[in-house]
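Participant: So here's my_file17.cif, just mmCIF, C-alpha atoms:
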data_query
loop_
_atom_site.label_atom_id
_atom_site.label_comp_id
_atom_site.auth_asym_id
_atom_site.auth_seq_id
_atom_site.Cartn_x
_atom_site.Cartn_y
_atom_site.Cartn_z
CA MET A 19 19.74 -3.07 -28.00
CA ALA A 20 17.32 -4.10 -30.77
CA ASP A 21 17.02 -7.57 -29.23
CA LEU A 22 16.14 -6.03 -25.88
CA GLU A 23 13.57 -3.75 -27.51
CA ASP A 24 12.00 -6.87 -29.04
CA ALA A 25 11.76 -8.41 -25.58
CA LEU A 26 10.30 -5.21 -24.15
CA GLY A 27 7.83 -4.89 -27.02
CA TYR A 28 8.74 -1.23 -27.51
CA ARG A 29 10.95 0.70 -29.95
CA PHE A 30 12.64 3.73 -28.44
CA GLN A 31 12.84 7.03 -30.25
CA ASP A 32 15.64 8.05 -27.88
CA ARG A 33 17.73 5.01 -27.04
CA THR A 34 19.86 6.96 -24.58
CA LEU A 35 16.93 6.69 -22.16
CA LEU A 36 17.14 2.91 -22.34
CA GLN A 37 20.92 3.02 -22.00
CA ASP A 38 20.60 5.19 -18.89
CA ALA A 39 18.03 2.76 -17.45
CA LEU A 40 20.59 -0.02 -17.79
CA THR A 41 23.57 1.87 -16.33
CA HIS A 42 24.66 1.11 -12.76
CA ARG A 43 26.19 3.84 -10.63
CA SER A 44 29.53 1.98 -10.71
CA VAL A 45 30.03 3.23 -14.27
CA SER A 46 27.93 6.40 -14.14
CA GLY A 47 29.57 9.77 -14.59
CA PRO A 48 30.14 12.16 -17.49
CA GLY A 49 28.36 10.61 -20.46
CA HIS A 50 27.06 7.73 -18.32
CA VAL A 51 23.91 8.67 -16.44
CA GLY A 52 22.90 6.01 -13.93
CA TYR A 53 19.46 4.52 -13.47
CA ASP A 54 18.75 5.99 -10.02
CA ARG A 55 16.63 8.95 -11.12
CA LEU A 56 14.74 6.81 -13.63
CA GLU A 57 14.09 4.22 -10.95
CA PHE A 58 12.46 6.92 -8.79
CA LEU A 59 10.03 7.81 -11.58
CA GLY A 60 9.40 4.23 -12.70
CA ASP A 61 8.38 3.24 -9.17
CA ARG A 62 5.57 5.82 -9.28
CA VAL A 63 4.44 4.95 -12.79
CA LEU A 64 4.28 1.26 -11.91
CA ALA A 65 2.28 1.89 -8.74
CA LEU A 66 -0.23 4.08 -10.61
CA VAL A 67 -0.81 1.59 -13.43
CA VAL A 68 -1.01 -1.46 -11.16
CA ALA A 69 -3.37 0.37 -8.78
CA ASP A 70 -5.63 1.19 -11.73
CA MET A 71 -5.52 -2.43 -12.91
CA LEU A 72 -6.49 -3.66 -9.46
CA TYR A 73 -9.25 -1.10 -9.07
CA ARG A 74 -10.86 -2.29 -12.29
CA GLN A 75 -10.15 -6.01 -11.83
CA PHE A 76 -11.60 -6.30 -8.33
CA PRO A 77 -14.59 -3.93 -8.05
CA ASP A 78 -15.94 -5.63 -4.91
CA GLU A 79 -12.76 -5.49 -2.83
CA ASP A 80 -12.14 -2.82 -0.21
CA GLU A 81 -9.11 -0.58 0.07
CA GLY A 82 -7.31 -2.92 2.45
CA ALA A 83 -7.52 -5.91 0.12
CA LEU A 84 -6.43 -3.84 -2.87
CA ALA A 85 -3.50 -2.44 -0.90
CA LYS A 86 -2.29 -5.97 -0.06
CA ARG A 87 -2.40 -6.91 -3.72
CA LEU A 88 -0.54 -3.74 -4.69
CA VAL A 89 2.24 -4.36 -2.17
CA ALA A 90 2.73 -7.88 -3.51
CA LEU A 91 2.84 -6.74 -7.13
CA VAL A 92 5.29 -3.86 -6.76
CA ARG A 93 7.66 -5.43 -4.22
CA ARG A 94 11.29 -6.10 -5.07
CA GLU A 95 10.87 -9.83 -5.59
CA THR A 96 8.11 -9.33 -8.15
CA LEU A 97 10.09 -6.72 -10.06
CA ALA A 98 13.13 -8.98 -10.08
CA GLU A 99 10.95 -11.80 -11.42
CA VAL A 100 9.82 -9.60 -14.32
CA ALA A 101 13.40 -8.46 -14.93
CA GLY A 102 14.49 -12.08 -15.05
CA SER A 103 11.81 -12.95 -17.59
CA LEU A 104 13.18 -10.16 -19.81
CA ASP A 105 16.81 -11.17 -19.18
CA LEU A 106 17.62 -7.60 -18.16
CA GLY A 107 20.64 -8.67 -16.13
CA VAL A 108 22.82 -9.37 -19.15
CA HIS A 109 22.17 -5.86 -20.48
CA ILE A 110 23.12 -3.90 -17.35
CA ARG A 111 26.21 -1.72 -17.75
CA MET A 112 28.29 -2.07 -14.57
CA SER A 113 31.87 -2.22 -13.41
CA ARG A 114 33.81 -5.46 -13.63
CA GLY A 115 33.81 -5.66 -9.85
CA GLU A 116 30.03 -5.42 -9.66
CA SER A 117 29.65 -8.01 -12.40
CA GLU A 118 32.09 -10.46 -10.84
CA GLY A 119 30.35 -9.93 -7.51
CA GLY A 120 27.10 -11.29 -8.92
CA GLY A 121 25.49 -7.95 -9.77
CA ARG A 122 23.65 -9.31 -12.80
CA LEU A 123 21.76 -11.71 -10.56
CA ASN A 124 21.32 -9.27 -7.66
CA GLU A 125 17.62 -9.06 -6.83
CA ALA A 126 17.76 -5.44 -5.68
CA MET A 127 19.63 -4.33 -8.80
CA LEU A 128 17.28 -6.18 -11.12
CA SER A 129 14.30 -4.61 -9.35
CA ASP A 130 15.78 -1.11 -9.72
CA VAL A 131 16.55 -1.64 -13.40
CA ALA A 132 13.03 -2.90 -14.09
CA GLU A 133 11.61 0.31 -12.61
CA ALA A 134 14.11 2.40 -14.57
CA VAL A 135 13.08 0.70 -17.82
CA ILE A 136 9.44 1.52 -17.09
CA ALA A 137 10.41 5.16 -16.60
CA ALA A 138 12.43 5.14 -19.83
CA VAL A 139 9.42 3.87 -21.78
CA TYR A 140 7.21 6.47 -20.10
CA LEU A 141 9.57 9.37 -20.87
CA ASP A 142 10.10 8.23 -24.45
CA GLY A 143 6.52 7.46 -25.43
CA GLY A 144 4.21 8.60 -22.66
CA LEU A 145 1.81 6.74 -20.39
CA VAL A 146 0.15 4.61 -23.10
CA PRO A 147 3.19 2.45 -24.00
CA ALA A 148 4.30 2.33 -20.36
CA GLU A 149 0.85 1.12 -19.39
CA ALA A 150 0.90 -1.46 -22.19
CA PHE A 151 4.28 -2.75 -21.01
CA ILE A 152 3.12 -3.06 -17.40
CA GLU A 153 -0.18 -4.64 -18.42
CA ARG A 154 1.64 -7.27 -20.49
CA HIS A 155 4.03 -8.29 -17.75
CA TRP A 156 2.00 -7.73 -14.59
CA ARG A 157 -1.41 -9.02 -15.70
CA PRO A 158 -0.38 -12.71 -15.35
CA LEU A 159 1.03 -11.97 -11.89
CA LEU A 160 -2.14 -10.13 -10.89
CA GLU A 161 -4.28 -13.08 -11.88
CA ARG A 162 -2.03 -15.67 -10.24
CA THR A 163 -3.83 -15.56 -6.89
CA ALA A 164 -7.59 -15.39 -6.45
CA GLU A 165 -7.49 -14.13 -2.85
CA PRO A 166 -5.66 -11.01 -1.66
CA PRO A 167 -2.22 -12.05 -0.40
CA LYS A 168 -1.49 -11.75 3.29
CA ASP A 169 1.25 -9.19 3.82
CA PRO A 170 4.48 -10.69 5.21
CA LYS A 171 4.44 -8.71 8.48
CA THR A 172 0.96 -9.97 9.32
CA ALA A 173 1.85 -13.52 8.32
CA LEU A 174 5.02 -13.46 10.45
CA GLN A 175 3.13 -12.08 13.44
CA GLU A 176 0.55 -14.85 13.14
CA TRP A 177 3.36 -17.43 12.84
CA VAL A 178 5.03 -16.41 16.11
CA GLN A 179 1.73 -15.99 17.96
CA ALA A 180 0.65 -19.50 16.95
CA ARG A 181 3.83 -20.78 18.64
CA GLY A 182 3.54 -18.66 21.77
CA MET A 183 6.58 -16.58 20.86
CA ASP A 184 7.21 -12.87 21.40
CA LEU A 185 6.25 -10.53 18.56
CA PRO A 186 8.86 -9.77 15.88
CA VAL A 187 11.16 -6.84 16.60
CA TYR A 188 12.04 -4.50 13.71
CA ARG A 189 15.16 -2.33 13.98
CA LEU A 190 16.37 0.42 11.67
CA VAL A 191 19.96 -0.49 10.83
CA GLU A 192 20.72 2.34 8.42
CA GLN A 193 19.12 5.15 6.43
CA ALA A 194 21.15 6.15 3.39
CA GLY A 195 20.74 7.90 0.05
CA PRO A 196 19.54 11.39 -0.87
CA ASP A 197 16.39 12.92 0.61
CA HIS A 198 14.41 12.38 -2.60
CA ALA A 199 15.35 8.68 -2.77
CA PRO A 200 16.20 7.34 0.68
CA LEU A 201 17.11 3.71 1.29
CA PHE A 202 16.19 2.07 4.59
CA THR A 203 17.87 -1.05 5.96
CA ILE A 204 15.70 -2.93 8.45
CA GLU A 205 16.53 -5.97 10.60
CA VAL A 206 13.81 -8.23 11.99
CA SER A 207 14.37 -10.60 14.89
CA ILE A 208 12.32 -13.37 16.47
CA GLY A 209 13.30 -15.77 19.22
CA GLY A 210 15.62 -18.60 18.28
CA GLN A 211 16.21 -17.48 14.69
CA PRO A 212 19.07 -15.55 13.06
CA PRO A 213 17.97 -11.97 12.22
CA GLN A 214 16.98 -11.17 8.65
CA THR A 215 17.83 -7.87 6.96
CA SER A 216 16.39 -6.12 3.93
CA CYS A 217 16.53 -2.73 2.20
CA GLY A 218 13.68 -0.68 0.78
CA LYS A 219 12.66 2.78 -0.36
CA SER A 220 10.57 3.20 2.80
CA ARG A 221 10.61 1.67 6.25
CA ARG A 222 7.36 -0.11 5.48
CA ILE A 223 8.73 -1.74 2.33
CA ALA A 224 11.96 -2.75 4.06
CA GLU A 225 10.05 -4.21 7.00
CA GLN A 226 7.78 -6.19 4.69
CA ASP A 227 10.74 -7.57 2.76
CA ALA A 228 12.60 -8.46 5.95
CA ALA A 229 9.48 -10.22 7.26
CA ALA A 230 9.19 -12.16 4.00
CA LYS A 231 12.81 -13.31 4.33
CA MET A 232 12.18 -14.41 7.89
CA LEU A 233 9.08 -16.35 6.79
CA ASP A 234 11.14 -18.09 4.12
CA ALA A 235 13.79 -18.97 6.72
CA VAL A 236 11.38 -20.38 9.31
CA SER A 237 9.40 -22.23 6.64
CA ALA A 238 12.57 -23.99 5.53
CA ASP A 239 13.15 -25.10 9.14
CA ASP A 240 9.58 -26.40 9.65
#
Please lay out the structure from this file as structure tokens.
Facilitator:
Amino acid sequence: MADLEDALGYRFQDRTLLQDALTHRSVSGPGHVGYDRLEFLGDRVLALVVADMLYRQFPDEDEGALAKRLVALVRRETLAEVAGSLDLGVHIRMSRGESEGGGRLNEAMLSDVAEAVIAAVYLDGGLVPAEAFIERHWRPLLERTAEPPKDPKTALQEWVQARGMDLPVYRLVEQAGPDHAPLFTIEVSIGGQPPQTSCGKSRRIAEQDAAAKMLDAVSADD
């Protein structure tokens, strides 16, 4: 745990918060609180801090451009990238089945744990250390692109239109989870390509992720 705290750049007063942030539901139960509730809080803390960073970094950009940057910086892939840089996967407490099934490399799980860790830092030390943690790991990502990124749904729509194809079709496959933390599974289809599916905490997020997967698939075929 001390090695992980070194990587995080933060020393916990209450290490059970960090332990909970690293505990998958497959081993949660009495004495083993899972990371789900922490993930819910960490998602909001991350969005607030990143939005503030963007607001200050790009004073001449309008709300639409800032929103595109925010989506790119808080999406699952970005969170998983940060989790990978911290090697969070090796620290996750999960069942043997989850581990053998590739859970430690699962992008969705890594993303959730990264958000839970942010919440753990916030609950243990307040907004200042949480903000410092996010600033340290998200600032390089924020400065990686000079122009606001094009959101995946828009990019996919432009891709099909440029080829005279019908617009992408998004279908809700499943809505699961409790009311306070729903999980949406969305499938996107375009002509001549296998459908792509993704999960997210809102329909919008799931649609964006599914569109990004479809873009990756069609780009590989080009």
Participant: Where does the PyMOL selection byres ((chain A and resi 166) around 12) land in this file, that is, which residues does it pick, as a ChimeraX atom specification?
Facilitator: /A:72,76,79-91,160-165,167-169
Participant: Can you work out the spacing between atom CA of A:Ala101 and atom CA of A:Ile152 in Å, to one decimal?
Facilitator: 11.9 Å
Participant: Take the PyMOL selection byres ((chain A and resi 43) around 8), apply it to the structure above, and return the hits as a VMD selection string.
Facilitator: chain A and resid 41 to 42 44 to 47 51 to 54 112
Participant: Tell me, as a PyMOL selection string, which residues lie within 12 Å of A:Leu66, counting all atoms listed in the file; anything in the same chain fewer than 2 positions away does not count.
Facilitator: chain A and resi 59-64+68-73+88+91-92+136+145+148-149+152-153
Participant: Please provide the set of residues having any atom within 8 Å of stretch 122-135 of chain A, restricted to only C-alpha atoms, with same-chain residues fewer than 3 positions apart removed, written as a PDB file with C-alpha atoms, in the coordinates of the input.
Facilitator:
ATOM      1  CA  LEU A  36      17.140   2.910 -22.340  1.00  0.00           C
ATOM      2  CA  ALA A  39      18.030   2.760 -17.450  1.00  0.00           C
ATOM      3  CA  LEU A  40      20.590  -0.020 -17.790  1.00  0.00           C
ATOM      4  CA  TYR A  53      19.460   4.520 -13.470  1.00  0.00           C
ATOM      5  CA  ASP A  54      18.750   5.990 -10.020  1.00  0.00           C
ATOM      6  CA  ARG A  55      16.630   8.950 -11.120  1.00  0.00           C
ATOM      7  CA  LEU A  56      14.740   6.810 -13.630  1.00  0.00           C
ATOM      8  CA  GLU A  57      14.090   4.220 -10.950  1.00  0.00           C
ATOM      9  CA  PHE A  58      12.460   6.920  -8.790  1.00  0.00           C
ATOM     10  CA  LEU A  59      10.030   7.810 -11.580  1.00  0.00           C
ATOM     11  CA  GLY A  60       9.400   4.230 -12.700  1.00  0.00           C
ATOM     12  CA  ASP A  61       8.380   3.240  -9.170  1.00  0.00           C
ATOM     13  CA  LEU A  64       4.280   1.260 -11.910  1.00  0.00           C
ATOM     14  CA  ARG A  94      11.290  -6.100  -5.070  1.00  0.00           C
ATOM     15  CA  GLU A  95      10.870  -9.830  -5.590  1.00  0.00           C
ATOM     16  CA  THR A  96       8.110  -9.330  -8.150  1.00  0.00           C
ATOM     17  CA  LEU A  97      10.090  -6.720 -10.060  1.00  0.00           C
ATOM     18  CA  ALA A  98      13.130  -8.980 -10.080  1.00  0.00           C
ATOM     19  CA  VAL A 100       9.820  -9.600 -14.320  1.00  0.00           C
ATOM     20  CA  ALA A 101      13.400  -8.460 -14.930  1.00  0.00           C
ATOM     21  CA  GLY A 102      14.490 -12.080 -15.050  1.00  0.00           C
ATOM     22  CA  LEU A 106      17.620  -7.600 -18.160  1.00  0.00           C
ATOM     23  CA  GLY A 107      20.640  -8.670 -16.130  1.00  0.00           C
ATOM     24  CA  VAL A 108      22.820  -9.370 -19.150  1.00  0.00           C
ATOM     25  CA  ILE A 110      23.120  -3.900 -17.350  1.00  0.00           C
ATOM     26  CA  SER A 117      29.650  -8.010 -12.400  1.00  0.00           C
ATOM     27  CA  ALA A 138      12.430   5.140 -19.830  1.00  0.00           C
ATOM     28  CA  VAL A 139       9.420   3.870 -21.780  1.00  0.00           C
TER      29      VAL A 139
END
Participant: Compare A:Ile204, A:Leu233, A:Ser220, A:Ala20 by their minimum atom-to-atom distance to A:Glu192, counting all atoms listed in the file, and give me the closest one.
Facilitator: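 Of A:Ile204, A:Leu233, A:Ser220, A:Ala20, the one nearest A:Glu192 is A:Ile204, counting all atoms listed in the file.
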Participant: May I ask which of the residues A:Ala199, A:Leu190, A:Ala228, A:Ala235 is the closest one to A:Gln211, counting all atoms listed in the file?
Facilitator: A:Ala235
Participant: Can you pull out the residues contacting A:Ala194? Cut-off 10 Å, using all atoms listed in the file, and skip same-chain residues under 5 positions away; I want them as a list in words.
Facilitator: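 Returned residues: Ala199, Pro200, Leu201, Phe202, Thr203 and Lys219 of chain A.
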Participant: Could you save those same residues with C-alpha atoms as a short mmCIF file (atom, residue, chain, number, x, y, z; two decimals), keeping the file's coordinate frame?
Facilitator:
data_model
loop_
_atom_site.label_atom_id
_atom_site.label_comp_id
_atom_site.auth_asym_id
_atom_site.auth_seq_id
_atom_site.Cartn_x
_atom_site.Cartn_y
_atom_site.Cartn_z
CA ALA A 199 15.35 8.68 -2.77
CA PRO A 200 16.20 7.34 0.68
CA LEU A 201 17.11 3.71 1.29
CA PHE A 202 16.19 2.07 4.59
CA THR A 203 17.87 -1.05 5.96
CA LYS A 219 12.66 2.78 -0.36
#
Participant: I'd like the interatomic distance between atom CA of A:Asp234 and atom CA of A:His155, to a tenth of an Å.
Facilitator: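 Separation between atom CA of A:Asp234 and atom CA of A:His155: 25.0 Å.
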Participant: When you count all atoms listed in the file, which of these residues is closest to A:Gln226: A:Gln193, A:Arg33, A:Pro170, A:Gly209?
Facilitator: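 For A:Gln226, the nearest of the given residues is A:Pro170.
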Participant: Enter the distance from atom CA of A:Ser207 to atom CA of A:Pro186, in Å, rounded to one decimal.
Facilitator: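 About the pair atom CA of A:Ser207 and atom CA of A:Pro186: they are 5.7 Å apart.
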Participant: How would you write, as a short mmCIF file (atom, residue, chain, number, x, y, z; two decimals) with C-alpha atoms, in the frame of the given file, the residues chosen by the PyMOL selection byres ((chain A and resi 22) around 10) on this structure?
Facilitator:
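This is the output file result.cif:
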data_model
loop_
_atom_site.label_atom_id
_atom_site.label_comp_id
_atom_site.auth_asym_id
_atom_site.auth_seq_id
_atom_site.Cartn_x
_atom_site.Cartn_y
_atom_site.Cartn_z
CA MET A 19 19.74 -3.07 -28.00
CA ALA A 20 17.32 -4.10 -30.77
CA ASP A 21 17.02 -7.57 -29.23
CA GLU A 23 13.57 -3.75 -27.51
CA ASP A 24 12.00 -6.87 -29.04
CA ALA A 25 11.76 -8.41 -25.58
CA LEU A 26 10.30 -5.21 -24.15
CA GLY A 27 7.83 -4.89 -27.02
CA TYR A 28 8.74 -1.23 -27.51
CA ARG A 29 10.95 0.70 -29.95
CA LEU A 36 17.14 2.91 -22.34
CA LEU A 104 13.18 -10.16 -19.81
CA ASP A 105 16.81 -11.17 -19.18
CA LEU A 106 17.62 -7.60 -18.16
CA HIS A 109 22.17 -5.86 -20.48
#
